[in-house]
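Participant: Next comes input-v4.txt, compact mmCIF, C-alpha atoms and all ligand atoms:
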```txt
# COMPACT_ATOMS: atom_id res chain seq x y z
CA MET X 7 0.00 0.00 0.00
CA SER X 8 1.32 3.45 -0.85
CA ILE X 9 2.05 5.58 2.20
CA ASP X 10 -0.07 8.55 1.17
CA ARG X 11 -3.19 6.57 0.28
CA ARG X 12 -5.76 7.26 2.99
CA ARG X 13 -7.84 4.60 4.70
CA VAL X 14 -11.25 6.11 5.24
CA LEU X 15 -14.06 4.66 7.35
CA VAL X 16 -17.60 5.58 6.36
CA THR X 17 -20.20 4.49 8.92
CA GLY X 18 -23.67 4.27 7.41
CA GLY X 19 -21.90 3.78 4.09
CA ALA X 20 -24.72 1.71 2.56
CA GLY X 21 -27.22 4.53 3.06
CA PHE X 22 -28.26 7.35 0.75
CA LEU X 23 -25.53 9.89 1.58
CA GLY X 24 -22.97 7.32 2.75
CA SER X 25 -22.99 5.42 -0.55
CA HIS X 26 -22.42 8.61 -2.57
CA LEU X 27 -19.61 9.50 -0.19
CA CYS X 28 -18.00 6.05 -0.73
CA ASP X 29 -18.17 6.67 -4.51
CA ARG X 30 -16.47 10.04 -4.16
CA LEU X 31 -13.74 8.84 -1.78
CA LEU X 32 -12.90 5.86 -3.99
CA ALA X 33 -12.80 8.10 -7.07
CA GLU X 34 -10.21 10.21 -5.25
CA GLY X 35 -8.00 7.15 -4.76
CA ASN X 36 -8.68 6.37 -1.09
CA ASP X 37 -9.21 2.98 0.50
CA VAL X 38 -12.75 2.88 1.86
CA LEU X 39 -14.13 0.76 4.68
CA CYS X 40 -17.92 0.88 4.65
CA VAL X 41 -19.61 -0.09 7.93
CA ASP X 42 -23.38 -0.54 8.07
CA ASN X 43 -26.00 -2.64 9.84
CA TYR X 44 -28.46 -2.26 6.91
CA PHE X 45 -31.19 -0.78 9.10
CA THR X 46 -32.15 1.71 6.38
CA GLY X 47 -29.29 1.25 3.92
CA THR X 48 -29.14 -1.49 1.31
CA LYS X 49 -26.45 -3.52 -0.39
CA ALA X 50 -27.95 -2.35 -3.71
CA ASN X 51 -26.59 1.16 -2.98
CA ILE X 52 -23.02 -0.13 -2.95
CA GLU X 53 -23.31 -3.21 -5.15
CA HIS X 54 -21.36 -1.49 -7.93
CA LEU X 55 -18.38 -1.06 -5.55
CA LEU X 56 -18.09 -4.67 -4.41
CA GLY X 57 -15.53 -5.63 -7.05
CA ASN X 58 -13.27 -2.70 -6.24
CA PRO X 59 -10.15 -3.91 -4.37
CA ARG X 60 -9.97 -0.60 -2.49
CA PHE X 61 -13.51 -1.06 -1.13
CA GLU X 62 -14.32 -3.17 1.92
CA LEU X 63 -17.72 -3.82 3.45
CA LEU X 64 -18.43 -4.74 7.05
CA ARG X 65 -21.83 -5.50 8.59
CA HIS X 66 -21.61 -3.90 12.01
CA ASP X 67 -23.76 -1.87 14.38
CA VAL X 68 -21.90 1.25 15.60
CA THR X 69 -23.49 1.00 19.04
CA PHE X 70 -20.93 -1.77 19.59
CA PRO X 71 -17.16 -1.13 19.72
CA LEU X 72 -15.21 -1.34 16.48
CA TYR X 73 -11.49 -2.02 16.29
CA VAL X 74 -10.01 -1.14 12.89
CA GLU X 75 -7.07 0.96 11.67
CA VAL X 76 -8.04 4.04 9.65
CA ASP X 77 -6.88 7.61 8.98
CA GLN X 78 -10.24 9.37 8.64
CA ILE X 79 -13.78 8.64 9.82
CA TYR X 80 -17.04 9.97 8.40
CA ASN X 81 -19.71 9.12 10.97
CA MET X 82 -22.90 8.95 8.87
CA ALA X 83 -24.66 6.03 10.60
CA CYS X 84 -28.14 6.97 11.79
CA PRO X 85 -31.61 6.63 10.30
CA ALA X 86 -32.49 10.06 8.93
CA SER X 87 -36.15 10.07 7.98
CA PRO X 88 -38.84 10.60 10.64
CA ILE X 89 -40.57 7.27 9.84
CA HIS X 90 -37.35 5.34 10.27
CA TYR X 91 -35.92 7.14 13.27
CA GLN X 92 -39.25 6.94 15.11
CA PHE X 93 -39.63 3.20 14.39
CA ASP X 94 -37.26 2.31 17.27
CA PRO X 95 -36.54 5.62 19.02
CA VAL X 96 -34.35 4.12 21.75
CA GLN X 97 -32.10 2.54 19.13
CA THR X 98 -31.96 5.93 17.34
CA THR X 99 -30.60 7.65 20.44
CA LYS X 100 -28.20 4.75 21.02
CA THR X 101 -26.95 4.99 17.45
CA SER X 102 -26.27 8.71 17.79
CA VAL X 103 -24.84 8.66 21.29
CA HIS X 104 -23.18 5.24 21.77
CA GLY X 105 -22.23 5.30 18.09
CA ALA X 106 -20.49 8.66 18.55
CA ILE X 107 -18.70 7.47 21.70
CA ASN X 108 -17.41 4.36 19.94
CA MET X 109 -16.29 6.20 16.81
CA LEU X 110 -14.65 8.93 18.92
CA GLY X 111 -12.92 6.26 21.02
CA LEU X 112 -11.69 4.68 17.80
CA ALA X 113 -10.53 8.06 16.44
CA LYS X 114 -8.68 8.70 19.71
CA ARG X 115 -6.90 5.34 19.66
CA VAL X 116 -5.78 5.50 16.03
CA LYS X 117 -5.40 9.34 15.92
CA ALA X 118 -7.85 9.66 13.06
CA ARG X 119 -9.64 12.81 12.00
CA ILE X 120 -13.40 12.39 12.47
CA LEU X 121 -16.41 14.10 10.89
CA GLN X 122 -19.92 13.97 12.31
CA ALA X 123 -23.00 14.08 10.08
CA SER X 124 -25.10 16.35 12.26
CA THR X 125 -28.32 17.96 11.15
CA SER X 126 -30.38 21.10 10.86
CA GLU X 127 -32.71 19.34 13.33
CA VAL X 128 -30.39 20.56 16.10
CA TYR X 129 -32.12 23.93 15.51
CA GLY X 130 -35.53 22.31 16.11
CA ASP X 131 -38.44 24.57 15.15
CA PRO X 132 -36.21 27.62 14.71
CA VAL X 133 -37.13 31.13 15.79
CA MET X 134 -34.03 32.51 14.02
CA HIS X 135 -34.36 32.57 10.24
CA PRO X 136 -32.29 31.70 8.27
CA GLN X 137 -30.37 29.55 10.73
CA ARG X 138 -26.79 30.46 11.57
CA GLU X 139 -24.37 28.19 13.42
CA GLU X 140 -24.45 30.46 16.50
CA TYR X 141 -28.14 29.75 17.05
CA TRP X 142 -28.72 27.27 19.91
CA GLY X 143 -32.03 26.03 18.61
CA ASN X 144 -35.58 25.45 19.79
CA VAL X 145 -35.88 21.73 20.43
CA ASN X 146 -38.55 19.79 22.29
CA PRO X 147 -36.65 17.31 24.54
CA ILE X 148 -39.58 14.91 25.02
CA GLY X 149 -41.44 14.75 21.69
CA PRO X 150 -41.46 12.12 18.94
CA ARG X 151 -38.61 13.84 17.05
CA SER X 152 -36.47 14.15 20.19
CA CYS X 153 -34.71 10.78 19.83
CA TYR X 154 -33.17 12.12 16.64
CA ASP X 155 -32.77 15.80 17.53
CA GLU X 156 -31.42 15.33 21.04
CA GLY X 157 -29.34 12.31 19.98
CA LYS X 158 -27.65 14.45 17.34
CA ARG X 159 -27.23 17.34 19.79
CA CYS X 160 -25.59 15.03 22.33
CA ALA X 161 -23.31 13.66 19.61
CA GLU X 162 -22.16 17.22 18.88
CA THR X 163 -21.47 17.69 22.60
CA LEU X 164 -19.39 14.50 22.63
CA PHE X 165 -17.41 15.61 19.59
CA PHE X 166 -16.52 18.93 21.23
CA ASP X 167 -15.71 17.28 24.58
CA TYR X 168 -13.41 14.74 22.90
CA ARG X 169 -11.67 17.69 21.28
CA ARG X 170 -11.36 19.65 24.53
CA GLN X 171 -10.48 16.62 26.66
CA HIS X 172 -8.40 14.53 24.26
CA GLY X 173 -7.35 16.95 21.49
CA LEU X 174 -9.14 15.07 18.70
CA GLU X 175 -9.34 16.56 15.21
CA ILE X 176 -13.09 16.91 14.78
CA LYS X 177 -15.39 18.33 12.09
CA VAL X 178 -19.12 18.83 12.56
CA ALA X 179 -21.41 19.32 9.54
CA ARG X 180 -25.01 20.41 10.09
CA ILE X 181 -26.71 18.94 7.05
CA PHE X 182 -29.98 20.44 5.79
CA ASN X 183 -32.57 18.47 3.76
CA THR X 184 -30.70 16.65 0.99
CA TYR X 185 -32.22 14.64 -1.84
CA GLY X 186 -31.18 12.65 -4.88
CA PRO X 187 -30.82 9.15 -6.33
CA ARG X 188 -30.64 6.26 -3.79
CA MET X 189 -33.06 7.86 -1.36
CA HIS X 190 -35.18 5.06 0.05
CA PRO X 191 -38.50 5.00 -1.87
CA ASN X 192 -40.48 4.29 1.33
CA ASP X 193 -38.62 6.39 3.85
CA GLY X 194 -41.37 8.99 3.99
CA ARG X 195 -39.23 12.02 3.21
CA VAL X 196 -40.96 14.63 1.20
CA VAL X 197 -38.98 14.54 -2.05
CA SER X 198 -39.06 10.74 -2.39
CA ASN X 199 -42.73 10.57 -1.32
CA PHE X 200 -43.89 13.17 -3.83
CA ILE X 201 -41.90 11.71 -6.74
CA VAL X 202 -43.02 8.14 -6.06
CA GLN X 203 -46.66 9.26 -5.63
CA ALA X 204 -46.53 11.32 -8.83
CA LEU X 205 -44.99 8.47 -10.86
CA ARG X 206 -47.61 6.01 -9.59
CA GLY X 207 -50.45 8.47 -10.20
CA GLU X 208 -51.34 8.41 -6.49
CA ASP X 209 -52.47 11.42 -4.45
CA ILE X 210 -49.67 13.76 -3.37
CA THR X 211 -49.80 13.90 0.43
CA VAL X 212 -49.12 17.44 1.61
CA TYR X 213 -49.03 17.56 5.41
CA GLY X 214 -50.83 20.55 6.90
CA ASP X 215 -51.52 23.52 4.64
CA GLY X 216 -48.19 23.03 2.82
CA ARG X 217 -46.97 26.53 3.61
CA GLN X 218 -44.12 25.22 5.78
CA THR X 219 -40.77 25.64 4.02
CA ARG X 220 -37.65 23.56 3.45
CA SER X 221 -34.43 24.13 1.52
CA PHE X 222 -33.37 21.22 -0.65
CA CYS X 223 -29.74 20.42 -1.44
CA TYR X 224 -28.77 18.00 -4.21
CA VAL X 225 -26.65 15.09 -3.04
CA SER X 226 -23.52 15.79 -5.14
CA ASP X 227 -23.29 19.32 -3.72
CA LEU X 228 -23.64 18.02 -0.19
CA ILE X 229 -20.96 15.34 -0.62
CA ASP X 230 -18.58 17.94 -2.00
CA GLY X 231 -19.19 20.07 1.10
CA LEU X 232 -18.48 17.14 3.43
CA VAL X 233 -15.19 16.29 1.71
CA ARG X 234 -14.10 19.93 1.74
CA LEU X 235 -14.92 20.18 5.44
CA MET X 236 -12.96 17.03 6.27
CA ASN X 237 -9.91 18.49 4.56
CA THR X 238 -9.91 21.92 6.24
CA PRO X 239 -7.02 22.88 8.57
CA ALA X 240 -7.04 21.15 11.97
CA ASP X 241 -8.12 24.29 13.85
CA PHE X 242 -11.43 24.47 11.98
CA THR X 243 -14.02 22.27 13.65
CA GLY X 244 -17.34 23.75 12.59
CA PRO X 245 -20.18 23.28 13.27
CA VAL X 246 -20.86 24.37 9.75
CA ASN X 247 -24.18 24.44 7.91
CA LEU X 248 -24.29 22.54 4.61
CA GLY X 249 -27.40 22.97 2.54
CA ASN X 250 -28.96 24.88 -0.31
CA PRO X 251 -30.37 28.27 0.72
CA GLY X 252 -33.10 28.12 -1.96
CA GLU X 253 -36.26 27.93 0.15
CA PHE X 254 -39.57 26.46 -1.08
CA THR X 255 -42.93 25.78 0.45
CA ILE X 256 -43.99 22.16 0.45
CA LEU X 257 -46.88 23.10 -1.86
CA GLU X 258 -44.42 24.61 -4.34
CA LEU X 259 -42.44 21.38 -4.26
CA ALA X 260 -45.61 19.35 -4.90
CA GLU X 261 -46.49 21.54 -7.89
CA LYS X 262 -42.99 21.26 -9.35
CA VAL X 263 -42.97 17.47 -9.04
CA ILE X 264 -46.41 17.18 -10.67
CA ALA X 265 -45.35 19.44 -13.54
CA MET X 266 -42.01 17.71 -14.09
CA THR X 267 -43.43 14.19 -14.08
CA GLY X 268 -46.48 15.17 -16.17
CA SER X 269 -48.54 13.33 -13.56
CA GLN X 270 -52.33 13.38 -13.17
CA SER X 271 -51.92 13.16 -9.37
CA LYS X 272 -53.92 15.53 -7.16
CA VAL X 273 -52.71 17.22 -4.00
CA ILE X 274 -54.48 16.10 -0.83
CA HIS X 275 -53.89 17.46 2.67
CA ASN X 276 -53.08 15.16 5.61
CA PRO X 277 -52.52 16.21 9.25
CA LEU X 278 -49.24 17.95 10.05
CA PRO X 279 -46.92 15.70 12.10
CA HIS X 280 -46.16 16.71 15.71
CA ASP X 281 -43.37 19.33 16.10
CA ASP X 282 -42.99 19.73 12.33
CA PRO X 283 -40.68 22.75 11.84
CA LYS X 284 -42.47 25.64 10.07
CA GLN X 285 -39.48 26.93 8.17
CA ARG X 286 -35.92 25.96 7.49
CA GLN X 287 -33.20 27.66 5.48
CA PRO X 288 -29.46 27.46 6.04
CA ASP X 289 -27.25 30.51 6.32
CA ILE X 290 -24.16 29.19 4.52
CA ALA X 291 -21.86 32.20 4.92
CA LEU X 292 -19.44 30.13 7.03
CA ALA X 293 -19.26 27.30 4.47
CA ARG X 294 -18.74 29.84 1.70
CA SER X 295 -15.83 31.51 3.49
CA ARG X 296 -14.11 28.51 5.15
CA LEU X 297 -14.81 25.77 2.59
CA ASP X 298 -15.14 27.96 -0.50
CA TRP X 299 -18.31 25.97 -1.02
CA SER X 300 -21.79 26.71 -2.24
CA PRO X 301 -24.37 24.51 -3.97
CA THR X 302 -24.34 24.48 -7.77
CA ILE X 303 -27.40 22.33 -8.61
CA ALA X 304 -30.76 24.12 -8.77
CA LEU X 305 -33.86 22.31 -7.49
CA GLU X 306 -35.31 21.58 -10.95
CA GLU X 307 -32.03 20.13 -12.19
CA GLY X 308 -31.66 17.88 -9.17
CA LEU X 309 -35.31 16.82 -9.30
CA LYS X 310 -34.86 15.80 -12.92
CA ASP X 311 -32.11 13.31 -12.03
CA THR X 312 -34.01 12.08 -9.00
CA ILE X 313 -37.19 11.52 -11.03
CA THR X 314 -35.15 9.56 -13.62
CA TYR X 315 -33.75 7.40 -10.80
CA PHE X 316 -37.15 6.62 -9.27
CA ASN X 317 -38.66 5.99 -12.69
CA LYS X 318 -36.05 3.27 -13.31
CA LEU X 319 -36.44 1.85 -9.81
CA LEU X 320 -40.23 1.62 -10.02
CA SER X 321 -40.21 0.02 -13.46
CA LYS X 322 -37.90 -2.83 -12.30
P1 LIG Y 401 -29.92 6.72 5.42
O1 LIG Y 401 -30.96 6.18 6.33
O2 LIG Y 401 -30.04 6.45 3.96
O3 LIG Y 401 -28.47 6.25 5.88
C1 LIG Y 401 -28.12 5.94 7.19
C2 LIG Y 401 -27.30 4.66 7.16
O4 LIG Y 401 -26.88 4.36 8.50
C3 LIG Y 401 -28.09 3.46 6.64
O5 LIG Y 401 -27.32 2.77 5.69
C4 LIG Y 401 -28.32 2.63 7.89
O6 LIG Y 401 -28.47 1.25 7.62
C5 LIG Y 401 -27.09 2.96 8.70
N1 LIG Y 401 -27.26 2.75 10.15
C6 LIG Y 401 -28.30 3.14 10.94
N2 LIG Y 401 -28.08 2.78 12.20
C7 LIG Y 401 -26.87 2.14 12.24
C8 LIG Y 401 -26.11 1.53 13.25
N3 LIG Y 401 -26.53 1.49 14.52
N4 LIG Y 401 -24.92 0.96 12.92
C9 LIG Y 401 -24.48 0.98 11.63
N5 LIG Y 401 -25.16 1.55 10.63
C10 LIG Y 401 -26.35 2.13 10.92
O7 LIG Y 401 -29.87 8.30 5.68
P2 LIG Y 401 -29.01 9.44 4.97
O8 LIG Y 401 -29.97 10.43 4.46
O9 LIG Y 401 -27.99 8.87 4.08
O10 LIG Y 401 -28.30 10.10 6.23
C11 LIG Y 401 -26.92 9.87 6.54
C12 LIG Y 401 -26.52 10.73 7.72
O11 LIG Y 401 -26.70 12.12 7.39
C13 LIG Y 401 -27.34 10.47 8.98
O12 LIG Y 401 -26.50 10.54 10.10
C14 LIG Y 401 -28.32 11.62 8.99
O13 LIG Y 401 -28.72 11.93 10.30
C15 LIG Y 401 -27.52 12.73 8.36
N6 LIG Y 401 -28.40 13.74 7.74
C16 LIG Y 401 -29.04 13.48 6.55
C17 LIG Y 401 -29.88 14.45 6.01
C18 LIG Y 401 -30.61 14.24 4.72
O14 LIG Y 401 -31.37 15.12 4.30
N7 LIG Y 401 -30.42 13.18 4.00
C19 LIG Y 401 -30.08 15.67 6.68
C20 LIG Y 401 -29.42 15.87 7.90
C21 LIG Y 401 -28.57 14.91 8.40
N1 LIG Y 402 -13.66 2.07 21.15
C1 LIG Y 402 -13.85 1.45 19.93
N2 LIG Y 402 -12.76 1.25 19.13
C2 LIG Y 402 -11.52 1.64 19.48
C3 LIG Y 402 -11.33 2.27 20.72
C4 LIG Y 402 -12.43 2.48 21.54
O1 LIG Y 402 -14.96 1.10 19.56
O2 LIG Y 402 -10.60 1.42 18.68
C5 LIG Y 402 -14.80 2.29 22.01
C6 LIG Y 402 -14.64 1.67 23.37
O3 LIG Y 402 -15.47 0.52 23.42
C7 LIG Y 402 -15.11 2.71 24.33
C8 LIG Y 402 -15.45 3.94 23.51
O4 LIG Y 402 -14.93 3.69 22.22
O5 LIG Y 402 -16.31 2.31 24.95
C9 LIG Y 402 -14.83 5.19 24.06
O6 LIG Y 402 -13.42 5.04 24.10
P1 LIG Y 402 -12.54 5.89 25.07
O7 LIG Y 402 -11.12 5.45 24.90
O8 LIG Y 402 -12.80 7.33 24.86
O9 LIG Y 402 -13.12 5.60 26.49
P2 LIG Y 402 -12.93 4.40 27.52
O10 LIG Y 402 -12.43 3.20 26.74
O11 LIG Y 402 -11.92 4.93 28.47
O12 LIG Y 402 -14.29 4.23 28.07
N1 LIG Y 403 -44.12 16.30 4.12
C1 LIG Y 403 -45.31 16.33 3.40
N2 LIG Y 403 -45.71 15.20 2.77
C2 LIG Y 403 -45.01 14.04 2.79
C3 LIG Y 403 -43.78 14.02 3.52
C4 LIG Y 403 -43.38 15.15 4.17
O1 LIG Y 403 -45.98 17.37 3.35
O2 LIG Y 403 -45.46 13.06 2.17
C5 LIG Y 403 -43.67 17.54 4.78
C6 LIG Y 403 -43.29 17.38 6.25
O3 LIG Y 403 -44.43 17.55 7.07
C7 LIG Y 403 -42.28 18.48 6.44
C8 LIG Y 403 -41.58 18.56 5.08
O4 LIG Y 403 -42.46 17.94 4.14
O5 LIG Y 403 -42.92 19.72 6.68
C9 LIG Y 403 -40.23 17.85 5.03
O6 LIG Y 403 -40.39 16.55 5.55
P1 LIG Y 403 -39.21 15.47 5.58
O7 LIG Y 403 -39.74 14.31 6.35
O8 LIG Y 403 -38.72 15.25 4.20
O9 LIG Y 403 -38.03 16.19 6.34
P2 LIG Y 403 -37.91 17.01 7.72
O10 LIG Y 403 -39.28 17.25 8.30
O11 LIG Y 403 -37.06 16.17 8.60
O12 LIG Y 403 -37.28 18.28 7.30
```
Go through the file and emit its structure as structure tokens.
Ligand code: NAD
Ligand code: UDP
Ligand code: UDP

Facilitator:
Amino acid sequence: MSIDRRRVLVTGGAGFLGSHLCDRLLAEGNDVLCVDNYFTGTKANIEHLLGNPRFELLRHDVTFPLYVEVDQIYNMACPASPIHYQFDPVQTTKTSVHGAINMLGLAKRVKARILQASTSEVYGDPVMHPQREEYWGNVNPIGPRSCYDEGKRCAETLFFDYRRQHGLEIKVARIFNTYGPRMHPNDGRVVSNFIVQALRGEDITVYGDGRQTRSFCYVSDLIDGLVRLMNTPADFTGPVNLGNPGEFTILELAEKVIAMTGSQSKVIHNPLPHDDPKQRQPDIALARSRLDWSPTIALEEGLKDTITYFNKLLSK
């Protein structure tokens, strides 16, 4: 093995974001160890990598210790959609908290740099708009979203304490809603739901009045931001927002998807889930200045590729 080739661990590497990250890291010439328990990820997402001698796959749950030798760790393991993370909420908190402790313990032992996939959910239902990294958030500690939100918040705490206490090189990315090919068709997130419903000619389920907003980042932009963050100087830890500042109402998204798929589907309104944030838009000034990063793919362009992906998947 050449000395400068990096060994990179991607936890949650068989998931939506993790699998795209594995692709990118391999394309850059790294050795990649993908660790996943297949809770929400699938082997299909990484099937195309299995013949690559620089790619290794390990079925493992990050709530248990892991002893491997690596140079960098991207800690992506955690169910991300409300349906999945609320299915077994105790396991969700364990994955965020015990998973972070184990990966930080590993990073400490092997002196690896470690990046945490945190989330805009740490801001909860934000009263500051758009959200900047300085904002401490408005999170319900005891609601149905809390296992995810508070788990991710505690993971951030652990990352900063391992830095203060043990001098670890940490990076924390706060990821805003990201979409693209390899999203799980049944994970209940809005982009995949609307596209799948439109392609099947089913009703488009808008929750509440649909005036709540989200900002949607295409997956390739997001992955580029993560890799840039990992490779910043050691004194830069984040947290840093990564997302696309373009903000849309959920109704606007529904209309776009219907128009782009040419679907006959009708919009129906279902009850708004508990604690559903009313608005969300990243302030990405920090990412622009420290990572020289900003998203390049507009919503319509990204939706086009995502619709093509789901069209193929559904016609299999
Ligand atoms: P995903 O569900 O597709 O991927 C998560 C992966 O983690 C899956 O492959 C799953 O099987 C694996 N996993 C779950 N629990 C595990 C455990 N205990 N041990 C090992 N593997 C485990 O979701 P995603 O959208 O790819 O999200 C990846 C990461 O990014 C998550 O940490 C998520 O919280 C974060 N994130 C994603 C978004 C988004 O919009 N996609 C937004 C904010 C944060
Ligand atoms: N750990 C791990 N892999 C390693 C080193 C540690 O999974 O290579 C786990 C270990 O099980 C421990 C956790 O990481 O529970 C935290 O490790 P740390 O060294 O910080 O704490 P300690 O072992 O002192 O509890
Ligand atoms: N949403 C919706 N219909 C759906 C799925 C989601 O109207 O079929 C809404 C949901 O209530 C929320 C927004 O779309 O306001 C984004 O939901 P998602 O689960 O994708 O992400 P998150 O709420 O975690 O941002």

Participant: I'd like to know which of X:Lys318, X:Arg12, X:His135, X:Arg294 is closest to Gly35 of chain X, using all atoms listed in the file.

Facilitator: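 Going through X:Lys318, X:Arg12, X:His135, X:Arg294 one by one, the smallest distance to Gly35 of chain X is for X:Arg12.
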
Participant: Can you list every residue of chain X that has an atom at most 6 Å from ligand LIG 402 (chain Y), with its nearest atom pair and the distance in Å to one decimal, using all atoms listed in the file, ordered by chain then number, as a Markdown table?

Facilitator:
```
| residue | atom | partner | partner_atom | distance |
| --- | --- | --- | --- | --- |
| X:Pro71 | CA | Y:LIG402 | O1 | 3.1 |
| X:Leu72 | CA | Y:LIG402 | O1 | 3.9 |
| X:Tyr73 | CA | Y:LIG402 | O2 | 4.3 |
| X:Ile107 | CA | Y:LIG402 | C9 | 5.1 |
| X:Asn108 | CA | Y:LIG402 | O4 | 3.4 |
| X:Met109 | CA | Y:LIG402 | O1 | 5.9 |
| X:Gly111 | CA | Y:LIG402 | O6 | 3.4 |
| X:Leu112 | CA | Y:LIG402 | C2 | 3.5 |
| X:Arg115 | CA | Y:LIG402 | O2 | 5.5 |
```

Participant: Sorted by chain and rising residue number, list the residues of chain X at most 6 Å from ligand LIG 403 (chain Y) (counting all atoms listed in the file), each with its closest atom pair and distance in Å to one decimal, as a tab-separated table.

Facilitator:
```
residue	atom	partner	partner_atom	distance
X:Ser87	CA	Y:LIG403	O7	5.8
X:Pro88	CA	Y:LIG403	O7	5.7
X:Asn183	CA	Y:LIG403	O12	5.9
X:Gly194	CA	Y:LIG403	C3	5.6
X:Arg195	CA	Y:LIG403	O8	3.4
X:Val196	CA	Y:LIG403	C3	3.7
X:Asn199	CA	Y:LIG403	O2	5.1
X:Thr211	CA	Y:LIG403	O2	4.8
X:Val212	CA	Y:LIG403	O1	3.6
X:Tyr213	CA	Y:LIG403	O1	3.7
X:Gln218	CA	Y:LIG403	O5	5.7
X:Ile256	CA	Y:LIG403	O4	5.8
X:Leu278	CA	Y:LIG403	O3	5.7
X:Pro279	CA	Y:LIG403	O3	5.9
X:Asp282	CA	Y:LIG403	O5	5.7
```

Participant: Go ahead and write the residues just picked, C-alpha atoms, as a compact mmCIF listing (two decimals), in the coordinates of the input.

Facilitator:
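Result written to out.txt:
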```
# COMPACT_ATOMS: atom_id res chain seq x y z
CA SER X 87 -36.15 10.07 7.98
CA PRO X 88 -38.84 10.60 10.64
CA ASN X 183 -32.57 18.47 3.76
CA GLY X 194 -41.37 8.99 3.99
CA ARG X 195 -39.23 12.02 3.21
CA VAL X 196 -40.96 14.63 1.20
CA ASN X 199 -42.73 10.57 -1.32
CA THR X 211 -49.80 13.90 0.43
CA VAL X 212 -49.12 17.44 1.61
CA TYR X 213 -49.03 17.56 5.41
CA GLN X 218 -44.12 25.22 5.78
CA ILE X 256 -43.99 22.16 0.45
CA LEU X 278 -49.24 17.95 10.05
CA PRO X 279 -46.92 15.70 12.10
CA ASP X 282 -42.99 19.73 12.33
```

Participant: Tell me which residues come within 12 Å of (-12.0, 18.8, 23.4), as a list in words, counting all atoms listed in the file in the file's coordinates.

Facilitator: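 Taken together, the residues in range are Leu110, Lys114, Glu162, Thr163, Leu164, Phe165, Phe166, Asp167, Tyr168, Arg169, Arg170, Gln171, His172, Gly173, Leu174, Glu175, Ile176, Lys177, Asp241 and Thr243 of chain X.
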
Participant: Which residues are close to segment 22-27 of chain X, i.e. within 9 Å by only C-alpha atoms, leaving aside same-chain residues fewer than 6 positions away? Reply as a count of residues only.

Facilitator: 24

Participant: Got a sec: who's within 12 Å of Leu55 of chain X, counting all atoms listed in the file, leaving out chain neighbours fewer than 5 positions off, as number ranges by chain?

Facilitator: X: 19-20, 25-33, 37-40, 49-50, 60-63

Participant: Around all of ligand LIG 401 (chain Y)'s listed atoms, make the axis-aligned box with 4 Å on each side and tell me centre and edge lengths in Å to one decimal, as JSON.

Facilitator:
```
{"center_x": -27.9, "center_y": 8.4, "center_z": 9.2, "size_x": 14.9, "size_y": 22.9, "size_z": 18.6}
```

Participant: Find, counting only C-alpha atoms, the residue in X:His104, X:Lys272, X:Lys284, X:Arg180 that gets nearest to Asp215 of chain X.

Facilitator: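 Using only C-alpha atoms, Asp215 of chain X sits closest to X:Lys284.
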
Participant: May I have the residues within 10 Å of Ile89 of chain X as a list of chain:residue names, using only C-alpha atoms and disregarding those fewer than 4 positions away in the same chain?

Facilitator: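 The filter keeps X:Pro85, X:Phe93, X:Asp94, X:Arg151, X:Asn192, X:Asp193, X:Gly194, X:Arg195.
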
Participant: How about saving the chosen residues, C-alpha atoms kept, as a short mmCIF file (atom, residue, chain, number, x, y, z; two decimals), in the frame of the given file?

Facilitator:
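out_0.cif written:
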```
data_model
loop_
_atom_site.label_atom_id
_atom_site.label_comp_id
_atom_site.auth_asym_id
_atom_site.auth_seq_id
_atom_site.Cartn_x
_atom_site.Cartn_y
_atom_site.Cartn_z
CA PRO X 85 -31.61 6.63 10.30
CA PHE X 93 -39.63 3.20 14.39
CA ASP X 94 -37.26 2.31 17.27
CA ARG X 151 -38.61 13.84 17.05
CA ASN X 192 -40.48 4.29 1.33
CA ASP X 193 -38.62 6.39 3.85
CA GLY X 194 -41.37 8.99 3.99
CA ARG X 195 -39.23 12.02 3.21
#
```

Participant: Name the closest residue to Ala123 of chain X among the candidates X:Lys262, X:Lys158, X:Lys310, X:His280; distances are taken between atoms, counting only C-alpha atoms.

Facilitator: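 Looking only at the distances to Ala123 of chain X, the closest residue turns out to be X:Lys158.
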
Participant: I need the residue nearest ligand LIG 401 (chain Y) from this list: X:Ile120, X:Ile210, X:Cys223, X:Val145. Use all atoms listed in the file for the distance.

Facilitator: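 That would be X:Cys223, the residue with the smallest distance to ligand LIG 401 (chain Y).
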